[in-house]
>>> print(open('data-v4.csv').read())   # CSV, N, CA and C atoms
chain,number,residue,atom,x,y,z
Z,1,MET,N,5.2,-19.9,4.2
Z,1,MET,CA,6.0,-19.2,3.3
Z,1,MET,C,5.5,-17.7,3.2
Z,2,LEU,N,6.4,-16.8,3.3
Z,2,LEU,CA,6.0,-15.3,3.2
Z,2,LEU,C,6.0,-14.9,1.8
Z,3,VAL,N,5.0,-14.0,1.5
Z,3,VAL,CA,5.0,-13.3,0.2
Z,3,VAL,C,4.7,-11.8,0.4
Z,4,ARG,N,5.0,-11.1,-0.6
Z,4,ARG,CA,4.7,-9.7,-0.6
Z,4,ARG,C,3.9,-9.4,-1.9
Z,5,LEU,N,2.7,-8.7,-1.8
Z,5,LEU,CA,1.9,-8.4,-2.9
Z,5,LEU,C,1.8,-6.9,-2.9
Z,6,LEU,N,2.0,-6.3,-4.1
Z,6,LEU,CA,1.9,-4.9,-4.3
Z,6,LEU,C,0.8,-4.6,-5.3
Z,7,TYR,N,-0.1,-3.7,-5.0
Z,7,TYR,CA,-1.2,-3.4,-5.9
Z,7,TYR,C,-1.5,-1.9,-5.9
Z,8,THR,N,-2.2,-1.5,-6.8
Z,8,THR,CA,-2.8,-0.1,-6.9
Z,8,THR,C,-4.2,-0.2,-7.2
Z,9,SER,N,-5.0,0.8,-6.7
Z,9,SER,CA,-6.4,0.9,-7.0
Z,9,SER,C,-6.8,2.4,-6.9
Z,10,ARG,N,-8.0,2.7,-7.4
Z,10,ARG,CA,-8.5,4.0,-7.2
Z,10,ARG,C,-9.6,4.0,-6.2
Z,11,ALA,N,-9.7,5.1,-5.4
Z,11,ALA,CA,-10.7,5.1,-4.4
Z,11,ALA,C,-12.1,5.5,-5.0
Z,12,VAL,N,-13.1,4.8,-4.7
Z,12,VAL,CA,-14.5,5.2,-5.1
Z,12,VAL,C,-14.9,6.4,-4.4
Z,13,ASP,N,-14.6,6.5,-3.1
Z,13,ASP,CA,-14.9,7.6,-2.2
Z,13,ASP,C,-13.6,8.1,-1.6
Z,14,ALA,N,-13.2,9.3,-2.0
Z,14,ALA,CA,-11.9,9.8,-1.6
Z,14,ALA,C,-12.0,10.7,-0.4
Z,15,SER,N,-13.1,10.7,0.3
Z,15,SER,CA,-13.2,11.5,1.5
Z,15,SER,C,-12.3,11.0,2.6
Z,16,PRO,N,-11.8,11.9,3.5
Z,16,PRO,CA,-10.9,11.5,4.6
Z,16,PRO,C,-11.6,10.4,5.4
Z,17,ALA,N,-12.9,10.5,5.7
Z,17,ALA,CA,-13.6,9.5,6.5
Z,17,ALA,C,-13.5,8.1,5.8
Z,18,ALA,N,-13.7,8.0,4.5
Z,18,ALA,CA,-13.7,6.8,3.8
Z,18,ALA,C,-12.3,6.1,3.8
Z,19,ILE,N,-11.2,7.0,3.6
Z,19,ILE,CA,-9.9,6.5,3.7
Z,19,ILE,C,-9.5,6.0,5.1
Z,20,GLU,N,-9.9,6.7,6.1
Z,20,GLU,CA,-9.7,6.3,7.5
Z,20,GLU,C,-10.4,5.0,7.8
Z,21,ALA,N,-11.6,4.8,7.2
Z,21,ALA,CA,-12.4,3.5,7.4
Z,21,ALA,C,-11.6,2.4,6.9
Z,22,ILE,N,-11.0,2.5,5.7
Z,22,ILE,CA,-10.2,1.5,5.1
Z,22,ILE,C,-9.0,1.1,6.0
Z,23,LEU,N,-8.3,2.1,6.4
Z,23,LEU,CA,-7.2,1.9,7.3
Z,23,LEU,C,-7.6,1.3,8.6
Z,24,ALA,N,-8.7,1.7,9.2
Z,24,ALA,CA,-9.1,1.2,10.5
Z,24,ALA,C,-9.5,-0.3,10.3
Z,25,SER,N,-10.1,-0.6,9.2
Z,25,SER,CA,-10.5,-2.0,9.0
Z,25,SER,C,-9.2,-2.9,8.9
Z,26,ALA,N,-8.2,-2.4,8.1
Z,26,ALA,CA,-7.0,-3.1,7.9
Z,26,ALA,C,-6.3,-3.3,9.3
Z,27,ARG,N,-6.2,-2.3,10.1
Z,27,ARG,CA,-5.5,-2.4,11.4
Z,27,ARG,C,-6.2,-3.3,12.3
Z,28,GLN,N,-7.5,-3.4,12.2
Z,28,GLN,CA,-8.3,-4.3,13.1
Z,28,GLN,C,-8.1,-5.8,12.7
Z,29,HIS,N,-8.2,-6.0,11.4
Z,29,HIS,CA,-8.2,-7.4,10.9
Z,29,HIS,C,-6.9,-8.0,10.5
Z,30,ASN,N,-5.9,-7.2,10.1
Z,30,ASN,CA,-4.6,-7.7,9.6
Z,30,ASN,C,-3.9,-8.5,10.7
Z,31,PRO,N,-3.8,-8.1,12.0
Z,31,PRO,CA,-3.0,-8.8,12.9
Z,31,PRO,C,-3.5,-10.3,13.1
Z,32,ASP,N,-4.8,-10.5,13.0
Z,32,ASP,CA,-5.3,-11.9,13.1
Z,32,ASP,C,-4.8,-12.8,12.0
Z,33,GLY,N,-4.5,-12.3,10.8
Z,33,GLY,CA,-4.0,-13.1,9.7
Z,33,GLY,C,-2.5,-13.0,9.5
Z,34,GLY,N,-1.8,-12.3,10.5
Z,34,GLY,CA,-0.4,-12.1,10.3
Z,34,GLY,C,0.0,-11.2,9.2
Z,35,ILE,N,-0.9,-10.3,8.8
Z,35,ILE,CA,-0.6,-9.4,7.7
Z,35,ILE,C,0.0,-8.1,8.2
Z,36,THR,N,1.0,-7.7,7.5
Z,36,THR,CA,1.6,-6.4,7.7
Z,36,THR,C,1.7,-5.7,6.4
Z,37,GLY,N,2.0,-4.4,6.4
Z,37,GLY,CA,2.1,-3.7,5.2
Z,37,GLY,C,2.1,-2.2,5.3
Z,38,ILE,N,2.0,-1.5,4.2
Z,38,ILE,CA,2.1,0.0,4.1
Z,38,ILE,C,1.2,0.4,3.0
Z,39,LEU,N,0.5,1.5,3.3
Z,39,LEU,CA,-0.4,2.1,2.3
Z,39,LEU,C,0.0,3.5,2.0
Z,40,CYS,N,0.0,3.9,0.7
Z,40,CYS,CA,0.3,5.2,0.3
Z,40,CYS,C,-1.0,5.7,-0.5
Z,41,TYR,N,-1.5,6.8,-0.1
Z,41,TYR,CA,-2.7,7.3,-0.8
Z,41,TYR,C,-2.5,8.8,-1.2
Z,42,GLY,N,-2.9,9.1,-2.4
Z,42,GLY,CA,-2.8,10.5,-2.9
Z,42,GLY,C,-3.6,10.6,-4.2
Z,43,SER,N,-4.3,11.7,-4.3
Z,43,SER,CA,-5.0,12.1,-5.6
Z,43,SER,C,-5.9,11.0,-6.0
Z,44,GLY,N,-6.6,10.3,-5.0
Z,44,GLY,CA,-7.5,9.3,-5.3
Z,44,GLY,C,-7.0,7.9,-5.6
Z,45,VAL,N,-5.6,7.7,-5.5
Z,45,VAL,CA,-5.0,6.5,-5.8
Z,45,VAL,C,-4.3,5.9,-4.6
Z,46,PHE,N,-4.6,4.5,-4.4
Z,46,PHE,CA,-3.9,3.7,-3.4
Z,46,PHE,C,-2.7,3.0,-4.0
Z,47,LEU,N,-1.6,2.9,-3.3
Z,47,LEU,CA,-0.5,2.1,-3.6
Z,47,LEU,C,-0.3,1.3,-2.3
Z,48,GLN,N,-0.4,0.0,-2.3
Z,48,GLN,CA,-0.3,-0.7,-1.1
Z,48,GLN,C,0.6,-2.0,-1.2
Z,49,ALA,N,1.4,-2.2,-0.2
Z,49,ALA,CA,2.2,-3.5,-0.1
Z,49,ALA,C,1.6,-4.2,1.1
Z,50,ILE,N,1.3,-5.5,0.9
Z,50,ILE,CA,0.9,-6.4,2.0
Z,50,ILE,C,1.8,-7.6,2.0
Z,51,GLU,N,2.1,-8.0,3.2
Z,51,GLU,CA,3.0,-9.1,3.5
Z,51,GLU,C,2.4,-10.1,4.4
Z,52,GLY,N,2.8,-11.3,4.3
Z,52,GLY,CA,2.3,-12.3,5.2
Z,52,GLY,C,2.4,-13.7,4.5
Z,53,GLY,N,1.6,-14.7,5.1
Z,53,GLY,CA,1.6,-16.0,4.6
Z,53,GLY,C,0.9,-16.0,3.2
Z,54,ARG,N,1.2,-16.9,2.3
Z,54,ARG,CA,0.7,-16.9,1.0
Z,54,ARG,C,-0.8,-17.0,1.0
Z,55,MET,N,-1.4,-17.9,1.7
Z,55,MET,CA,-2.9,-18.0,1.7
Z,55,MET,C,-3.5,-16.7,2.2
Z,56,GLN,N,-3.0,-16.2,3.3
Z,56,GLN,CA,-3.6,-15.0,3.9
Z,56,GLN,C,-3.6,-13.8,3.0
Z,57,VAL,N,-2.4,-13.6,2.4
Z,57,VAL,CA,-2.2,-12.5,1.4
Z,57,VAL,C,-3.2,-12.6,0.2
Z,58,ASN,N,-3.2,-13.9,-0.3
Z,58,ASN,CA,-4.1,-14.1,-1.5
Z,58,ASN,C,-5.6,-13.9,-1.1
Z,59,GLU,N,-6.0,-14.3,0.1
Z,59,GLU,CA,-7.4,-14.1,0.5
Z,59,GLU,C,-7.6,-12.6,0.6
Z,60,LEU,N,-6.7,-11.9,1.2
Z,60,LEU,CA,-6.9,-10.4,1.4
Z,60,LEU,C,-7.0,-9.7,0.1
Z,61,TYR,N,-6.1,-10.1,-0.8
Z,61,TYR,CA,-6.2,-9.4,-2.2
Z,61,TYR,C,-7.5,-9.7,-2.9
Z,62,GLY,N,-8.0,-10.9,-2.7
Z,62,GLY,CA,-9.3,-11.2,-3.3
Z,62,GLY,C,-10.4,-10.4,-2.7
Z,63,GLN,N,-10.3,-10.1,-1.4
Z,63,GLN,CA,-11.3,-9.2,-0.7
Z,63,GLN,C,-11.2,-7.8,-1.2
Z,64,ILE,N,-10.0,-7.3,-1.4
Z,64,ILE,CA,-9.8,-6.0,-2.0
Z,64,ILE,C,-10.3,-5.9,-3.4
Z,65,GLN,N,-10.2,-6.9,-4.2
Z,65,GLN,CA,-10.7,-6.8,-5.5
Z,65,GLN,C,-12.2,-6.8,-5.5
Z,66,ARG,N,-12.9,-7.4,-4.5
Z,66,ARG,CA,-14.3,-7.3,-4.5
Z,66,ARG,C,-14.9,-6.2,-3.7
Z,67,ASP,N,-14.0,-5.4,-3.0
Z,67,ASP,CA,-14.4,-4.3,-2.1
Z,67,ASP,C,-14.9,-3.2,-3.0
Z,68,PRO,N,-16.2,-2.8,-2.7
Z,68,PRO,CA,-16.8,-1.7,-3.5
Z,68,PRO,C,-16.1,-0.3,-3.3
Z,69,ARG,N,-15.2,-0.2,-2.3
Z,69,ARG,CA,-14.5,1.1,-2.1
Z,69,ARG,C,-13.3,1.2,-3.0
Z,70,HIS,N,-13.0,0.2,-3.7
Z,70,HIS,CA,-11.9,0.2,-4.7
Z,70,HIS,C,-12.4,0.0,-6.1
Z,71,LYS,N,-11.7,0.6,-7.0
Z,71,LYS,CA,-12.0,0.3,-8.5
Z,71,LYS,C,-10.6,0.3,-9.2
Z,72,ASP,N,-10.6,-0.2,-10.4
Z,72,ASP,CA,-9.4,-0.3,-11.2
Z,72,ASP,C,-8.2,-1.0,-10.4
Z,73,VAL,N,-8.5,-2.0,-9.7
Z,73,VAL,CA,-7.5,-2.8,-8.9
Z,73,VAL,C,-6.5,-3.5,-9.9
Z,74,MET,N,-5.2,-3.2,-9.7
Z,74,MET,CA,-4.2,-3.8,-10.6
Z,74,MET,C,-3.1,-4.3,-9.7
Z,75,LEU,N,-2.8,-5.6,-10.0
Z,75,LEU,CA,-1.6,-6.2,-9.3
Z,75,LEU,C,-0.3,-5.7,-10.0
Z,76,LEU,N,0.6,-5.2,-9.2
Z,76,LEU,CA,1.8,-4.7,-9.7
Z,76,LEU,C,3.0,-5.6,-9.5
Z,77,GLU,N,3.0,-6.4,-8.4
Z,77,GLU,CA,4.1,-7.3,-8.1
Z,77,GLU,C,3.6,-8.3,-7.1
Z,78,TYR,N,4.1,-9.5,-7.2
Z,78,TYR,CA,3.8,-10.6,-6.2
Z,78,TYR,C,5.1,-11.4,-6.2
Z,79,GLU,N,5.6,-11.6,-5.0
Z,79,GLU,CA,6.9,-12.4,-4.8
Z,79,GLU,C,7.0,-13.1,-3.5
Z,80,GLU,N,7.7,-14.2,-3.5
Z,80,GLU,CA,8.0,-14.9,-2.3
Z,80,GLU,C,9.2,-14.1,-1.7
Z,81,ILE,N,9.2,-13.9,-0.4
Z,81,ILE,CA,10.2,-13.1,0.3
Z,81,ILE,C,10.8,-13.9,1.5
Z,82,LEU,N,12.0,-13.5,1.8
Z,82,LEU,CA,12.7,-14.1,2.9
Z,82,LEU,C,12.4,-13.5,4.2
Z,83,GLU,N,12.1,-12.1,4.1
Z,83,GLU,CA,11.7,-11.4,5.3
Z,83,GLU,C,10.8,-10.2,4.9
Z,84,ARG,N,10.1,-9.7,5.9
Z,84,ARG,CA,9.2,-8.6,5.7
Z,84,ARG,C,10.0,-7.3,5.6
Z,85,ARG,N,9.6,-6.4,4.8
Z,85,ARG,CA,10.2,-5.0,4.7
Z,85,ARG,C,9.3,-4.1,5.5
Z,86,PHE,N,8.0,-4.4,5.7
Z,86,PHE,CA,7.1,-3.5,6.4
Z,86,PHE,C,6.5,-4.2,7.6
Z,87,GLY,N,7.3,-5.0,8.3
Z,87,GLY,CA,6.8,-5.8,9.4
Z,87,GLY,C,6.5,-5.0,10.6
Z,88,GLY,N,6.9,-3.7,10.7
Z,88,GLY,CA,6.6,-2.9,11.9
Z,88,GLY,C,5.2,-2.4,11.9
Z,89,TRP,N,4.4,-2.6,10.9
Z,89,TRP,CA,3.1,-2.0,10.8
Z,89,TRP,C,2.0,-3.0,10.5
Z,90,THR,N,0.9,-2.9,11.3
Z,90,THR,CA,-0.3,-3.7,10.9
Z,90,THR,C,-0.8,-3.1,9.6
Z,91,MET,N,-0.7,-1.8,9.4
Z,91,MET,CA,-1.0,-1.1,8.2
Z,91,MET,C,-0.5,0.3,8.3
Z,92,GLY,N,0.7,0.6,8.0
Z,92,GLY,CA,1.3,1.9,8.1
Z,92,GLY,C,0.7,2.8,6.9
Z,93,GLN,N,0.6,4.0,7.2
Z,93,GLN,CA,0.1,5.0,6.1
Z,93,GLN,C,1.2,6.0,5.9
Z,94,VAL,N,1.6,6.2,4.7
Z,94,VAL,CA,2.5,7.3,4.3
Z,94,VAL,C,1.7,8.6,4.4
Z,95,ASN,N,2.3,9.5,5.0
Z,95,ASN,CA,1.7,10.9,5.1
Z,95,ASN,C,2.2,11.7,3.9
Z,96,LEU,N,1.4,11.8,2.9
Z,96,LEU,CA,1.8,12.4,1.7
Z,96,LEU,C,2.1,13.9,1.8
Z,97,SER,N,1.5,14.5,2.9
Z,97,SER,CA,1.7,15.9,3.1
Z,97,SER,C,3.2,16.2,3.5
Z,98,GLN,N,3.9,15.1,3.9
Z,98,GLN,CA,5.3,15.2,4.4
Z,98,GLN,C,6.3,14.9,3.2
Z,99,ILE,N,5.8,14.6,2.1
Z,99,ILE,CA,6.7,14.1,1.0
Z,99,ILE,C,7.2,15.3,0.2
Z,100,ASN,N,8.5,15.3,-0.1
Z,100,ASN,CA,9.1,16.2,-1.0
Z,100,ASN,C,8.8,15.8,-2.4
Z,101,ALA,N,8.4,16.7,-3.2
Z,101,ALA,CA,8.0,16.3,-4.6
Z,101,ALA,C,9.2,15.7,-5.4
Z,102,ASN,N,10.4,16.0,-5.0
Z,102,ASN,CA,11.6,15.5,-5.6
Z,102,ASN,C,11.7,14.0,-5.5
Z,103,ILE,N,11.1,13.4,-4.4
Z,103,ILE,CA,11.1,12.0,-4.2
Z,103,ILE,C,10.2,11.4,-5.3
Z,104,LEU,N,9.0,11.9,-5.5
Z,104,LEU,CA,8.1,11.4,-6.5
Z,104,LEU,C,8.7,11.6,-7.9
Z,105,MET,N,9.4,12.7,-8.2
Z,105,MET,CA,10.1,12.9,-9.5
Z,105,MET,C,11.2,11.9,-9.7
Z,106,LYS,N,11.8,11.4,-8.7
Z,106,LYS,CA,12.8,10.4,-8.8
Z,106,LYS,C,12.3,9.1,-9.5
Z,107,TYR,N,11.0,8.8,-9.2
Z,107,TYR,CA,10.5,7.5,-9.7
Z,107,TYR,C,9.4,7.7,-10.8
Z,108,SER,N,9.1,8.9,-11.2
Z,108,SER,CA,8.1,9.0,-12.3
Z,108,SER,C,8.3,10.3,-13.1
Z,109,GLU,N,7.5,10.4,-14.1
Z,109,GLU,CA,7.6,11.6,-15.0
Z,109,GLU,C,7.2,12.9,-14.4
Z,110,ARG,N,6.2,12.8,-13.5
Z,110,ARG,CA,5.6,14.0,-12.9
Z,110,ARG,C,5.6,13.8,-11.4
Z,111,PRO,N,5.6,14.9,-10.6
Z,111,PRO,CA,5.6,14.8,-9.1
Z,111,PRO,C,4.3,14.4,-8.5
Z,112,GLU,N,3.7,13.3,-8.9
Z,112,GLU,CA,2.5,12.8,-8.4
Z,112,GLU,C,2.5,11.3,-8.3
Z,113,LEU,N,1.7,10.8,-7.4
Z,113,LEU,CA,1.6,9.3,-7.2
Z,113,LEU,C,0.7,8.7,-8.4
Z,114,ASP,N,1.4,8.0,-9.2
Z,114,ASP,CA,0.7,7.3,-10.3
Z,114,ASP,C,1.3,5.9,-10.6
Z,115,PRO,N,1.0,4.9,-9.7
Z,115,PRO,CA,1.5,3.6,-9.9
Z,115,PRO,C,1.1,2.9,-11.2
Z,116,TYR,N,0.1,3.4,-11.9
Z,116,TYR,CA,-0.4,2.8,-13.1
Z,116,TYR,C,0.6,3.1,-14.2
Z,117,ALA,N,1.5,4.1,-14.1
Z,117,ALA,CA,2.4,4.6,-15.1
Z,117,ALA,C,3.8,4.1,-15.0
Z,118,VAL,N,4.0,3.3,-13.9
Z,118,VAL,CA,5.4,2.8,-13.7
Z,118,VAL,C,5.3,1.3,-13.3
Z,119,SER,N,6.5,0.6,-13.3
Z,119,SER,CA,6.5,-0.8,-13.0
Z,119,SER,C,6.3,-1.1,-11.5
Z,120,GLY,N,6.0,-2.4,-11.2
Z,120,GLY,CA,5.9,-2.8,-9.8
Z,120,GLY,C,7.2,-2.6,-9.0
Z,121,LYS,N,8.3,-2.8,-9.7
Z,121,LYS,CA,9.6,-2.7,-9.0
Z,121,LYS,C,9.8,-1.2,-8.6
Z,122,VAL,N,9.5,-0.3,-9.5
Z,122,VAL,CA,9.6,1.2,-9.3
Z,122,VAL,C,8.7,1.6,-8.1
Z,123,SER,N,7.4,1.0,-8.2
Z,123,SER,CA,6.5,1.4,-7.1
Z,123,SER,C,6.9,0.9,-5.8
Z,124,LEU,N,7.5,-0.3,-5.7
Z,124,LEU,CA,8.0,-0.8,-4.4
Z,124,LEU,C,9.2,0.0,-4.0
Z,125,ALA,N,10.1,0.4,-4.9
Z,125,ALA,CA,11.2,1.3,-4.5
Z,125,ALA,C,10.7,2.6,-3.9
Z,126,LEU,N,9.7,3.1,-4.5
Z,126,LEU,CA,9.1,4.4,-4.0
Z,126,LEU,C,8.5,4.2,-2.6
Z,127,LEU,N,7.8,3.1,-2.4
Z,127,LEU,CA,7.2,2.8,-1.1
Z,127,LEU,C,8.3,2.7,0.0
Z,128,GLU,N,9.4,2.0,-0.4
Z,128,GLU,CA,10.5,1.8,0.5
Z,128,GLU,C,11.1,3.1,0.9
Z,129,GLU,N,11.3,4.0,-0.1
Z,129,GLU,CA,11.9,5.3,0.2
Z,129,GLU,C,11.0,6.2,1.0
Z,130,LEU,N,9.7,6.1,0.7
Z,130,LEU,CA,8.7,6.9,1.5
Z,130,LEU,C,8.7,6.4,2.9
Z,131,ALA,N,8.8,5.1,3.1
Z,131,ALA,CA,8.7,4.6,4.5
Z,131,ALA,C,10.0,5.0,5.2
Z,132,ALA,N,11.1,5.2,4.5
Z,132,ALA,CA,12.3,5.6,5.2
Z,132,ALA,C,12.4,7.1,5.4
Z,133,THR,N,11.7,7.9,4.6
Z,133,THR,CA,11.8,9.4,4.7
Z,133,THR,C,10.6,10.1,5.1
Z,134,ALA,N,9.4,9.5,5.0
Z,134,ALA,CA,8.2,10.3,5.3
Z,134,ALA,C,7.7,9.9,6.6
Z,135,ALA,N,6.7,10.7,7.1
Z,135,ALA,CA,6.1,10.3,8.4
Z,135,ALA,C,5.1,9.2,8.2
Z,136,ILE,N,5.2,8.2,9.0
Z,136,ILE,CA,4.4,7.0,8.9
Z,136,ILE,C,3.4,7.0,10.1
Z,137,CYS,N,2.1,6.8,9.7
Z,137,CYS,CA,1.1,6.8,10.8
Z,137,CYS,C,0.7,5.3,11.0
Z,138,GLY,N,0.2,5.0,12.1
Z,138,GLY,CA,-0.4,3.7,12.4
Z,138,GLY,C,0.6,2.6,12.6
Z,139,ARG,N,1.6,2.8,13.3
Z,139,ARG,CA,2.5,1.7,13.7
Z,139,ARG,C,1.8,0.7,14.5
Z,140,ALA,N,2.2,-0.6,14.4
Z,140,ALA,CA,1.5,-1.6,15.2
Z,140,ALA,C,1.5,-1.4,16.7
>>> encode(input="data-v4.csv", output="structure tokens")
Amino acid sequence: MLVRLLYTSRAVDASPAAIEAILASARQHNPDGGITGILCYGSGVFLQAIEGGRMQVNELYGQIQRDPRHKDVMLLEYEEILERRFGGWTMGQVNLSQINANILMKYSERPELDPYAVSGKVSLALLEELAATAAICGRA
């Protein structure tokens, strides 16, 4: 059974090297577990959708909750799905430098990434639009 989990967290270390290490780890380990997804990062905040088998996604989310590189981990949405929306990436990364501020304003009160201030459905809609309109790094 496929599921999609959407969560947000804050980076403990917001350096480019630390963010790249998180992405590299995901891209290395996710294919073995059949995990796909997309990560959006900006202003110290992660917004990530992960898709795959229920057990594998649950285990990965547990690892993220215990990962000292993340703090304030919050589950935004969890659902059974018929098909993957982000199946083309082992872990795609939204390039925030390519984002028009109007896209962020469409989904929130201010033109910044703040998944803590909106619902999980709004956050997922934002990720889907960003995947469709922004440059995505790290295709499988």
>>> select_by_dssp(input="data-v4.csv", residues="range 3-119 of chain Z", states="strand (DSSP E or B)", output="compact mmCIF listing (two decimals) with N, CA and C atoms, in the coordinates of the input")
# COMPACT_ATOMS: atom_id res chain seq x y z
N VAL Z 3 5.00 -14.00 1.50
CA VAL Z 3 5.00 -13.30 0.20
C VAL Z 3 4.70 -11.80 0.40
N ARG Z 4 5.00 -11.10 -0.60
CA ARG Z 4 4.70 -9.70 -0.60
C ARG Z 4 3.90 -9.40 -1.90
N LEU Z 5 2.70 -8.70 -1.80
CA LEU Z 5 1.90 -8.40 -2.90
C LEU Z 5 1.80 -6.90 -2.90
N LEU Z 6 2.00 -6.30 -4.10
CA LEU Z 6 1.90 -4.90 -4.30
C LEU Z 6 0.80 -4.60 -5.30
N TYR Z 7 -0.10 -3.70 -5.00
CA TYR Z 7 -1.20 -3.40 -5.90
C TYR Z 7 -1.50 -1.90 -5.90
N THR Z 8 -2.20 -1.50 -6.80
CA THR Z 8 -2.80 -0.10 -6.90
C THR Z 8 -4.20 -0.20 -7.20
N SER Z 9 -5.00 0.80 -6.70
CA SER Z 9 -6.40 0.90 -7.00
C SER Z 9 -6.80 2.40 -6.90
N ARG Z 10 -8.00 2.70 -7.40
CA ARG Z 10 -8.50 4.00 -7.20
C ARG Z 10 -9.60 4.00 -6.20
N ALA Z 11 -9.70 5.10 -5.40
CA ALA Z 11 -10.70 5.10 -4.40
C ALA Z 11 -12.10 5.50 -5.00
N THR Z 36 1.00 -7.70 7.50
CA THR Z 36 1.60 -6.40 7.70
C THR Z 36 1.70 -5.70 6.40
N GLY Z 37 2.00 -4.40 6.40
CA GLY Z 37 2.10 -3.70 5.20
C GLY Z 37 2.10 -2.20 5.30
N ILE Z 38 2.00 -1.50 4.20
CA ILE Z 38 2.10 0.00 4.10
C ILE Z 38 1.20 0.40 3.00
N LEU Z 39 0.50 1.50 3.30
CA LEU Z 39 -0.40 2.10 2.30
C LEU Z 39 0.00 3.50 2.00
N CYS Z 40 0.00 3.90 0.70
CA CYS Z 40 0.30 5.20 0.30
C CYS Z 40 -1.00 5.70 -0.50
N TYR Z 41 -1.50 6.80 -0.10
CA TYR Z 41 -2.70 7.30 -0.80
C TYR Z 41 -2.50 8.80 -1.20
N GLY Z 42 -2.90 9.10 -2.40
CA GLY Z 42 -2.80 10.50 -2.90
C GLY Z 42 -3.60 10.60 -4.20
N VAL Z 45 -5.60 7.70 -5.50
CA VAL Z 45 -5.00 6.50 -5.80
C VAL Z 45 -4.30 5.90 -4.60
N PHE Z 46 -4.60 4.50 -4.40
CA PHE Z 46 -3.90 3.70 -3.40
C PHE Z 46 -2.70 3.00 -4.00
N LEU Z 47 -1.60 2.90 -3.30
CA LEU Z 47 -0.50 2.10 -3.60
C LEU Z 47 -0.30 1.30 -2.30
N GLN Z 48 -0.40 0.00 -2.30
CA GLN Z 48 -0.30 -0.70 -1.10
C GLN Z 48 0.60 -2.00 -1.20
N ALA Z 49 1.40 -2.20 -0.20
CA ALA Z 49 2.20 -3.50 -0.10
C ALA Z 49 1.60 -4.20 1.10
N ILE Z 50 1.30 -5.50 0.90
CA ILE Z 50 0.90 -6.40 2.00
C ILE Z 50 1.80 -7.60 2.00
N GLU Z 51 2.10 -8.00 3.20
CA GLU Z 51 3.00 -9.10 3.50
C GLU Z 51 2.40 -10.10 4.40
N GLY Z 52 2.80 -11.30 4.30
CA GLY Z 52 2.30 -12.30 5.20
C GLY Z 52 2.40 -13.70 4.50
N GLY Z 53 1.60 -14.70 5.10
CA GLY Z 53 1.60 -16.00 4.60
C GLY Z 53 0.90 -16.00 3.20
N HIS Z 70 -13.00 0.20 -3.70
CA HIS Z 70 -11.90 0.20 -4.70
C HIS Z 70 -12.40 0.00 -6.10
N LYS Z 71 -11.70 0.60 -7.00
CA LYS Z 71 -12.00 0.30 -8.50
C LYS Z 71 -10.60 0.30 -9.20
N ASP Z 72 -10.60 -0.20 -10.40
CA ASP Z 72 -9.40 -0.30 -11.20
C ASP Z 72 -8.20 -1.00 -10.40
N VAL Z 73 -8.50 -2.00 -9.70
CA VAL Z 73 -7.50 -2.80 -8.90
C VAL Z 73 -6.50 -3.50 -9.90
N MET Z 74 -5.20 -3.20 -9.70
CA MET Z 74 -4.20 -3.80 -10.60
C MET Z 74 -3.10 -4.30 -9.70
N LEU Z 75 -2.80 -5.60 -10.00
CA LEU Z 75 -1.60 -6.20 -9.30
C LEU Z 75 -0.30 -5.70 -10.00
N LEU Z 76 0.60 -5.20 -9.20
CA LEU Z 76 1.80 -4.70 -9.70
C LEU Z 76 3.00 -5.60 -9.50
N GLU Z 77 3.00 -6.40 -8.40
CA GLU Z 77 4.10 -7.30 -8.10
C GLU Z 77 3.60 -8.30 -7.10
N TYR Z 78 4.10 -9.50 -7.20
CA TYR Z 78 3.80 -10.60 -6.20
C TYR Z 78 5.10 -11.40 -6.20
N GLU Z 79 5.60 -11.60 -5.00
CA GLU Z 79 6.90 -12.40 -4.80
C GLU Z 79 7.00 -13.10 -3.50
N GLU Z 80 7.70 -14.20 -3.50
CA GLU Z 80 8.00 -14.90 -2.30
C GLU Z 80 9.20 -14.10 -1.70
N GLY Z 92 0.70 0.60 8.00
CA GLY Z 92 1.30 1.90 8.10
C GLY Z 92 0.70 2.80 6.90
N GLN Z 93 0.60 4.00 7.20
CA GLN Z 93 0.10 5.00 6.10
C GLN Z 93 1.20 6.00 5.90
N VAL Z 94 1.60 6.20 4.70
CA VAL Z 94 2.50 7.30 4.30
C VAL Z 94 1.70 8.60 4.40
>>> closest_residue(input="data-v4.csv", among="Z:His29, Z:Tyr41, Z:Arg4, Z:Asp13", to="Asp114 in chain Z", atoms="only C-alpha atoms")
Z:Tyr41
>>> atom_distance(input="data-v4.csv", atom1="CA of Thr36 in chain Z", atom2="atom N of Arg110 in chain Z")
29.0 Å
>>> atom_distance(input="data-v4.csv", atom1="atom C of Gly62 in chain Z", atom2="CA of Leu5 in chain Z")
12.5 Å
>>> closest_residue(input="data-v4.csv", among="Z:Thr133, Z:Gln93, Z:Leu127, Z:Tyr7", to="Gln48 in chain Z", atoms="all atoms listed in the file")
Z:Tyr7
>>> closest_residue(input="data-v4.csv", among="Z:Ser108, Z:Asn58, Z:Thr8, Z:Asn102", to="Gly33 in chain Z", atoms="only C-alpha atoms")
Z:Asn58
>>> atom_distance(input="data-v4.csv", atom1="atom N of Asp32 in chain Z", atom2="atom C of Val122 in chain Z")
27.8 Å
